[in-house]
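Novice: So here's start-v2.cif (mmCIF, C-alpha atoms).
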data_protein
loop_
_atom_site.label_atom_id
_atom_site.label_comp_id
_atom_site.auth_asym_id
_atom_site.auth_seq_id
_atom_site.Cartn_x
_atom_site.Cartn_y
_atom_site.Cartn_z
CA MET F 1 -66.06 200.34 104.44
CA LYS F 2 -62.95 198.75 102.87
CA THR F 3 -60.79 200.79 105.22
CA ILE F 4 -62.81 199.58 108.23
CA LEU F 5 -62.66 195.97 107.10
CA ARG F 6 -58.93 196.28 106.45
CA SER F 7 -58.45 197.70 109.96
CA ILE F 8 -60.47 194.91 111.52
CA GLY F 9 -58.47 192.35 109.58
CA VAL F 10 -55.15 193.86 110.63
CA ALA F 11 -56.30 193.99 114.27
CA ALA F 12 -57.40 190.35 114.17
CA LEU F 13 -54.12 189.34 112.55
CA CYS F 14 -52.14 191.22 115.19
CA ALA F 15 -54.18 189.64 117.98
CA ALA F 16 -53.63 186.18 116.52
CA SER F 17 -49.92 186.91 116.14
CA VAL F 18 -49.63 188.06 119.77
CA SER F 19 -51.55 184.98 120.91
CA ALA F 20 -49.25 182.73 118.89
CA VAL F 21 -46.14 184.36 120.32
CA ALA F 22 -47.53 184.07 123.83
CA ALA F 23 -48.37 180.42 123.24
CA ASP F 24 -44.89 179.70 121.83
CA ASP F 25 -43.34 181.29 124.91
CA TYR F 26 -45.70 179.48 127.29
CA PRO F 27 -45.06 178.95 130.10
CA SER F 28 -42.71 181.78 130.99
CA LYS F 29 -43.63 181.96 134.69
CA PRO F 30 -45.12 179.74 137.42
CA ILE F 31 -48.61 178.32 136.92
CA THR F 32 -51.24 178.25 139.66
CA MET F 33 -53.46 175.19 140.04
CA VAL F 34 -56.51 176.10 142.12
CA ILE F 35 -57.96 173.31 144.27
CA PRO F 36 -61.51 173.96 145.54
CA PHE F 37 -61.05 172.14 148.84
CA ALA F 38 -58.84 172.34 151.91
CA ALA F 39 -55.28 171.05 151.94
CA GLY F 40 -54.94 167.37 152.76
CA GLY F 41 -58.25 166.30 151.23
CA PRO F 42 -58.56 163.76 148.38
CA THR F 43 -58.71 166.30 145.54
CA ASP F 44 -55.82 168.26 147.02
CA VAL F 45 -53.68 165.12 147.16
CA VAL F 46 -54.46 164.24 143.52
CA GLY F 47 -53.72 167.81 142.44
CA ARG F 48 -50.36 167.98 144.21
CA ILE F 49 -49.20 164.71 142.67
CA ILE F 50 -50.14 165.90 139.16
CA ALA F 51 -48.67 169.37 139.74
CA GLN F 52 -45.32 167.87 140.75
CA SER F 53 -45.05 165.88 137.52
CA MET F 54 -46.35 168.66 135.26
CA THR F 55 -43.74 170.99 136.76
CA THR F 56 -41.02 168.74 135.36
CA THR F 57 -42.55 168.64 131.87
CA LEU F 58 -43.44 172.32 131.61
CA LYS F 59 -40.15 173.43 133.22
CA LYS F 60 -42.05 175.94 135.32
CA THR F 61 -43.40 175.40 138.82
CA VAL F 62 -47.07 174.46 139.07
CA VAL F 63 -48.11 175.93 142.42
CA VAL F 64 -51.13 174.50 144.20
CA GLU F 65 -53.47 176.99 145.88
CA ASN F 66 -56.43 175.89 148.00
CA THR F 67 -59.59 177.98 147.69
CA PRO F 68 -62.21 176.05 149.67
CA GLY F 69 -65.85 176.91 150.21
CA ALA F 70 -69.36 176.51 148.80
CA GLY F 71 -68.77 173.07 147.34
CA GLY F 72 -66.02 174.25 145.03
CA THR F 73 -67.99 177.11 143.48
CA ILE F 74 -65.84 179.86 145.01
CA ALA F 75 -62.73 178.41 143.38
CA ALA F 76 -64.56 177.83 140.10
CA ALA F 77 -65.72 181.45 140.00
CA ARG F 78 -62.18 182.63 140.73
CA VAL F 79 -60.74 180.70 137.80
CA ALA F 80 -63.60 181.63 135.47
CA ARG F 81 -62.71 185.32 136.07
CA ALA F 82 -58.98 184.78 135.59
CA ALA F 83 -57.04 185.91 132.54
CA PRO F 84 -57.26 183.25 129.80
CA ASP F 85 -53.50 182.85 129.48
CA GLY F 86 -52.91 179.40 130.96
CA TYR F 87 -51.38 180.65 134.21
CA MET F 88 -54.35 179.76 136.38
CA LEU F 89 -55.85 176.26 136.19
CA PHE F 90 -58.68 174.54 138.02
CA LEU F 91 -58.74 170.94 139.24
CA HIS F 92 -62.15 169.75 140.39
CA HIS F 93 -63.96 166.46 140.78
CA ILE F 94 -67.48 165.27 140.03
CA GLY F 95 -68.82 168.28 141.95
CA HIS F 96 -68.20 170.49 138.92
CA SER F 97 -70.97 168.57 137.16
CA THR F 98 -73.44 168.65 140.05
CA ALA F 99 -73.06 172.34 140.93
CA PRO F 100 -75.47 173.52 138.19
CA SER F 101 -78.23 171.43 139.80
CA LEU F 102 -77.30 171.97 143.46
CA TYR F 103 -77.00 175.76 143.30
CA ARG F 104 -79.89 178.00 142.26
CA THR F 105 -77.51 180.60 140.84
CA LEU F 106 -73.86 180.41 139.87
CA PRO F 107 -71.55 183.24 138.78
CA TYR F 108 -70.22 181.01 136.00
CA ASN F 109 -71.29 178.21 133.66
CA SER F 110 -69.68 174.82 134.31
CA ILE F 111 -69.25 174.22 130.58
CA ASP F 112 -69.11 177.62 128.88
CA SER F 113 -66.79 179.38 131.36
CA PHE F 114 -63.89 176.93 130.98
CA GLU F 115 -61.59 175.28 128.49
CA PRO F 116 -61.24 171.56 129.33
CA VAL F 117 -57.68 170.26 129.52
CA GLY F 118 -58.34 166.59 130.29
CA LEU F 119 -59.57 163.97 132.72
CA VAL F 120 -57.12 162.93 135.43
CA ALA F 121 -58.45 159.99 137.45
CA ASP F 122 -61.56 158.00 138.30
CA VAL F 123 -61.43 157.51 142.05
CA PRO F 124 -63.56 154.69 143.53
CA MET F 125 -65.44 155.21 146.76
CA THR F 126 -65.91 153.05 149.81
CA LEU F 127 -68.78 152.66 152.24
CA ILE F 128 -67.19 152.68 155.69
CA ALA F 129 -68.23 152.78 159.35
CA ARG F 130 -66.71 153.44 162.74
CA LYS F 131 -64.66 150.35 163.61
CA ASP F 132 -66.99 149.24 166.42
CA PHE F 133 -70.22 149.51 164.43
CA PRO F 134 -72.15 146.27 165.08
CA ALA F 135 -72.93 145.25 161.47
CA GLN F 136 -70.27 142.92 160.06
CA ASP F 137 -71.27 143.05 156.38
CA LEU F 138 -73.54 144.99 154.03
CA LYS F 139 -76.52 142.71 154.61
CA GLU F 140 -76.32 143.25 158.36
CA LEU F 141 -75.74 146.97 157.86
CA ILE F 142 -78.92 147.39 155.84
CA ALA F 143 -80.85 145.39 158.46
CA VAL F 144 -79.58 147.67 161.25
CA ILE F 145 -80.50 150.74 159.22
CA LYS F 146 -83.98 149.49 158.38
CA LYS F 147 -84.67 148.71 162.04
CA ASP F 148 -84.23 152.33 163.15
CA PRO F 149 -82.78 154.59 160.41
CA LYS F 150 -82.82 157.80 162.45
CA LYS F 151 -80.43 156.25 164.94
CA VAL F 152 -77.81 155.73 162.24
CA SER F 153 -75.78 158.80 161.28
CA LEU F 154 -74.20 159.30 157.87
CA ALA F 155 -71.40 161.87 157.65
CA ASN F 156 -70.43 163.84 154.57
CA ALA F 157 -67.95 166.58 153.74
CA GLY F 158 -70.62 169.15 152.90
CA LEU F 159 -73.21 169.96 150.26
CA GLY F 160 -72.10 168.76 146.84
CA ALA F 161 -69.06 166.91 148.16
CA ALA F 162 -68.37 163.46 146.73
CA SER F 163 -69.25 161.89 150.07
CA HIS F 164 -72.59 163.71 150.01
CA LEU F 165 -73.42 162.47 146.51
CA CYS F 166 -72.40 158.89 147.30
CA GLY F 167 -74.40 158.93 150.53
CA MET F 168 -77.42 160.25 148.66
CA LEU F 169 -77.17 157.40 146.14
CA PHE F 170 -76.77 154.85 148.95
CA MET F 171 -79.93 156.06 150.71
CA SER F 172 -81.77 155.96 147.40
CA ALA F 173 -80.51 152.43 146.67
CA ILE F 174 -81.76 151.05 150.01
CA GLY F 175 -84.91 153.20 150.00
CA THR F 176 -84.20 154.63 153.45
CA ASP F 177 -83.20 158.09 154.65
CA LEU F 178 -80.54 158.34 157.35
CA ASN F 179 -79.59 161.03 159.82
CA THR F 180 -77.10 162.91 157.61
CA ILE F 181 -74.40 165.02 159.26
CA PRO F 182 -72.65 167.57 156.99
CA TYR F 183 -69.13 168.71 157.85
CA LYS F 184 -66.90 171.47 156.50
CA GLY F 185 -64.53 169.13 154.73
CA THR F 186 -63.45 165.51 154.58
CA ALA F 187 -60.87 165.64 157.38
CA PRO F 188 -63.25 166.62 160.21
CA ALA F 189 -65.84 164.09 159.00
CA MET F 190 -63.23 161.32 158.99
CA ASN F 191 -61.93 162.36 162.41
CA ASP F 192 -65.39 162.10 163.93
CA LEU F 193 -66.01 158.76 162.22
CA MET F 194 -62.79 157.31 163.64
CA GLY F 195 -63.63 158.89 166.98
CA GLY F 196 -67.04 157.21 167.05
CA GLN F 197 -69.11 160.41 166.93
CA VAL F 198 -70.79 159.33 163.66
CA ASP F 199 -71.59 155.90 162.24
CA LEU F 200 -71.12 155.85 158.47
CA MET F 201 -69.53 157.66 155.57
CA CYS F 202 -69.08 157.01 151.85
CA ASP F 203 -65.85 158.55 150.64
CA GLN F 204 -63.06 158.31 148.09
CA THR F 205 -60.36 155.66 148.34
CA THR F 206 -57.83 158.53 148.26
CA ASN F 207 -59.08 159.36 151.74
CA THR F 208 -60.07 155.94 153.09
CA THR F 209 -57.49 153.39 151.91
CA SER F 210 -54.95 154.05 154.66
CA GLN F 211 -57.70 154.07 157.31
CA ILE F 212 -59.04 150.74 156.02
CA LYS F 213 -55.60 149.12 155.88
CA GLY F 214 -54.80 150.46 159.32
CA GLY F 215 -57.97 148.97 160.82
CA LYS F 216 -59.19 152.38 161.92
CA VAL F 217 -62.56 151.99 160.16
CA LYS F 218 -64.81 149.13 159.06
CA VAL F 219 -65.45 148.76 155.34
CA TYR F 220 -68.53 147.28 153.65
CA GLY F 221 -67.71 147.65 149.98
CA LEU F 222 -66.40 149.53 146.96
CA THR F 223 -68.51 151.54 144.54
CA THR F 224 -66.73 150.13 141.48
CA SER F 225 -67.73 147.28 139.16
CA LYS F 226 -64.57 145.34 140.05
CA ARG F 227 -62.31 144.98 143.07
CA LEU F 228 -59.16 147.04 143.53
CA ALA F 229 -55.69 145.51 143.58
CA SER F 230 -54.83 147.79 146.50
CA LEU F 231 -57.83 146.52 148.52
CA PRO F 232 -58.20 142.91 147.32
CA GLY F 233 -60.23 141.74 150.29
CA VAL F 234 -62.91 144.42 149.93
CA PRO F 235 -65.94 143.36 147.85
CA THR F 236 -67.81 145.67 145.54
CA LEU F 237 -71.19 146.83 146.81
CA SER F 238 -72.72 144.97 143.86
CA GLU F 239 -71.12 141.74 145.08
CA ALA F 240 -72.22 142.48 148.63
CA GLY F 241 -75.89 142.92 147.75
CA LEU F 242 -76.54 146.25 145.99
CA PRO F 243 -76.66 145.35 142.27
CA LYS F 244 -75.36 147.97 139.83
CA PHE F 245 -74.38 150.40 142.59
CA GLU F 246 -71.54 152.24 140.89
CA VAL F 247 -70.14 155.74 141.33
CA ALA F 248 -66.63 157.08 140.77
CA VAL F 249 -65.24 160.46 141.65
CA TRP F 250 -63.65 161.62 138.43
CA HIS F 251 -61.27 164.59 138.39
CA GLY F 252 -60.79 167.03 135.52
CA LEU F 253 -58.38 169.86 134.79
CA TYR F 254 -59.62 173.15 133.30
CA ALA F 255 -58.37 176.56 132.13
CA PRO F 256 -60.43 179.78 131.81
CA LYS F 257 -62.57 180.19 128.70
CA GLY F 258 -60.64 181.79 125.86
CA THR F 259 -57.28 180.27 126.73
CA PRO F 260 -55.48 179.78 123.37
CA LYS F 261 -55.82 176.29 121.94
CA SER F 262 -52.05 175.95 121.62
CA VAL F 263 -51.70 176.64 125.36
CA VAL F 264 -54.47 174.18 126.23
CA ASP F 265 -52.77 171.60 124.01
CA LYS F 266 -49.45 172.10 125.84
CA LEU F 267 -51.20 171.64 129.17
CA SER F 268 -53.01 168.53 127.93
CA GLN F 269 -49.76 167.05 126.66
CA ALA F 270 -48.09 167.74 130.01
CA LEU F 271 -51.02 166.10 131.77
CA GLN F 272 -50.72 163.03 129.56
CA VAL F 273 -47.00 162.78 130.36
CA ALA F 274 -47.82 163.06 134.06
CA LEU F 275 -50.35 160.24 133.88
CA LYS F 276 -47.62 157.93 132.53
CA ASP F 277 -45.09 159.08 135.11
CA PRO F 278 -44.10 156.07 137.30
CA MET F 279 -44.15 158.35 140.36
CA VAL F 280 -47.75 159.35 139.64
CA VAL F 281 -48.83 155.77 138.91
CA GLU F 282 -47.22 154.53 142.14
CA ARG F 283 -48.63 157.28 144.32
CA PHE F 284 -52.09 156.95 142.79
CA ALA F 285 -51.99 153.20 143.48
CA GLY F 286 -51.21 153.96 147.11
CA LEU F 287 -54.39 156.03 147.19
CA GLY F 288 -56.49 153.24 145.74
CA THR F 289 -56.84 154.67 142.25
CA GLU F 290 -55.04 154.92 138.91
CA PRO F 291 -54.65 157.51 136.12
CA VAL F 292 -57.17 157.56 133.29
CA ALA F 293 -56.24 156.13 129.90
CA GLN F 294 -54.34 158.53 127.65
CA ASN F 295 -57.27 159.02 125.27
CA ARG F 296 -59.32 160.40 128.15
CA ALA F 297 -56.73 162.97 129.21
CA THR F 298 -57.80 165.28 126.38
CA PRO F 299 -59.97 168.40 126.08
CA GLU F 300 -62.50 166.57 123.90
CA ALA F 301 -62.88 163.66 126.32
CA LEU F 302 -63.37 165.92 129.34
CA ARG F 303 -65.83 168.16 127.51
CA GLY F 304 -68.03 165.18 126.57
CA HIS F 305 -67.75 163.56 130.00
CA LEU F 306 -68.65 166.77 131.83
CA LYS F 307 -71.80 167.27 129.77
CA ALA F 308 -72.85 163.64 130.25
CA GLU F 309 -72.35 163.89 134.01
CA ILE F 310 -74.36 167.12 134.25
CA ASP F 311 -77.21 165.38 132.43
CA LYS F 312 -76.88 162.29 134.67
CA TRP F 313 -76.97 164.07 138.04
CA ALA F 314 -79.58 166.74 137.30
CA PRO F 315 -82.66 164.47 137.67
CA ILE F 316 -81.21 162.69 140.73
CA ILE F 317 -80.60 165.96 142.58
CA LYS F 318 -83.95 167.38 141.49
CA LYS F 319 -85.76 164.31 142.80
CA ALA F 320 -83.94 164.59 146.13
CA GLY F 321 -84.99 168.25 146.39
CA ILE F 322 -81.59 169.38 147.68
CA TYR F 323 -80.51 172.93 146.85
CA ALA F 324 -78.02 175.46 148.13
CA ASP F 325 -78.79 179.16 148.39
#
Using structure tokens, write down the structure from this file.
Specialist:
Amino acid sequence: MKTILRSIGVAALCAASVSAVAADDYPSKPITMVIPFAAGGPTDVVGRIIAQSMTTTLKKTVVVENTPGAGGTIAAARVARAAPDGYMLFLHHIGHSTAPSLYRTLPYNSIDSFEPVGLVADVPMTLIARKDFPAQDLKELIAVIKKDPKKVSLANAGLGAASHLCGMLFMSAIGTDLNTIPYKGTAPAMNDLMGGQVDLMCDQTTNTTSQIKGGKVKVYGLTTSKRLASLPGVPTLSEAGLPKFEVAVWHGLYAPKGTPKSVVDKLSQALQVALKDPMVVERFAGLGTEPVAQNRATPEALRGHLKAEIDKWAPIIKKAGIYAD
């Protein structure tokens, strides 16, 4: 028995030693950041900005790879299966917390299959319409909807997308169901909105700010508790007539479960440096958002936030009766 215990102890010590050496040498090659949506979308833009800054800090290229499909679950499963060595990361938004309720079965666990690295940004959302939609403000919009809700179409980027969740909350807030039109991504939904094929959409400022400033869409309000400096003339939906209507699309960075703590700590530190990078701050501002505070760009903060968001969305999705196969 002593011999067995001694062998186990030596093996554990060797494993720990190898892990420590690997962590000290980390990173020794390029790192892949998996984005669960198509290139050019809001999450992709946030990821590429962060990857550029983290590349400088880590002194190894952080390569962005897009793995779209199934509301981000295909990408999540890919990273959950990856080697826990810090060379494959996962950047996802609020959808990582709603997937457990939206999907009947998942090949991973949103909490247990990942090591949190840190929160990245809280992105506000905007309720927008095609530029020639007749309602001039939120009060008029709700009146138009109530008059004949099935004649008003509400686009979203697909099941579980941020625009889908925001639209679901909006319909719940006004007590009226609209004719929802799901798309395979944000870009085609926005194209059809600007082209007049659909009436409304609720989407992230990372995707709507330039369209609003360019007069290509009509905006009714922000989903934040206060106005944005980048969109000073846009009221919050609470100000416009929907009290306490608040939702933000938060983004978090993850590594596969079992990634050494020292590696996760290096990644978290690089993320924190990125969030103070003037380039990141400036480019985020141009997207209508800003980096999270430093104390939220930590594994502990993301772990707690993810669990709270899973608990928050589960009853809302269950009540709506929306599930994916």
Novice: Once the PyMOL selection byres ((chain F and resi 105-107) around 8) is applied to the coordinates I shared, what remains selected? I want it as a VMD selection string.
Specialist: chain F and resid 73 77 100 103 to 104 108 to 109 325
Novice: For segment 144-163 of chain F versus segment 167-183 of chain F, which residues have an atom no more than 6 Å away, and what is each residue's nearest atom pair and distance in Å rounded to one decimal, using only C-alpha atoms, chain-then-number order, as a Markdown table?
Specialist:
| residue | atom | partner | partner_atom | distance |
| --- | --- | --- | --- | --- |
| F:Pro149 | CA | F:Leu178 | CA | 5.3 |
| F:Lys150 | CA | F:Asn179 | CA | 5.3 |
| F:Ser153 | CA | F:Asn179 | CA | 4.6 |
| F:Leu154 | CA | F:Thr180 | CA | 4.6 |
| F:Ala155 | CA | F:Ile181 | CA | 4.6 |
| F:Asn156 | CA | F:Pro182 | CA | 5.0 |
| F:Ala157 | CA | F:Tyr183 | CA | 4.8 |
| F:Gly158 | CA | F:Pro182 | CA | 4.8 |
| F:Ser163 | CA | F:Gly167 | CA | 6.0 |
Novice: Atom CA of Met190 of chain F and atom CA of Val217 of chain F, how far apart in Å?
Specialist: 9.4 Å
Novice: Please write as a PyMOL selection string the full residue list that the PyMOL selection byres ((chain F and resi 263-269) around 10) yields on this file.
Specialist: chain F and resi 19-20+22-27+54+57-58+84-87+89+115-119+253-256+258-262+270-275+294+297-299
Novice: Pick the closest to Pro36 of chain F from F:Thr126, F:Ser230, F:Thr67, F:Thr56: which is it, counting all atoms listed in the file?
Specialist: F:Thr67
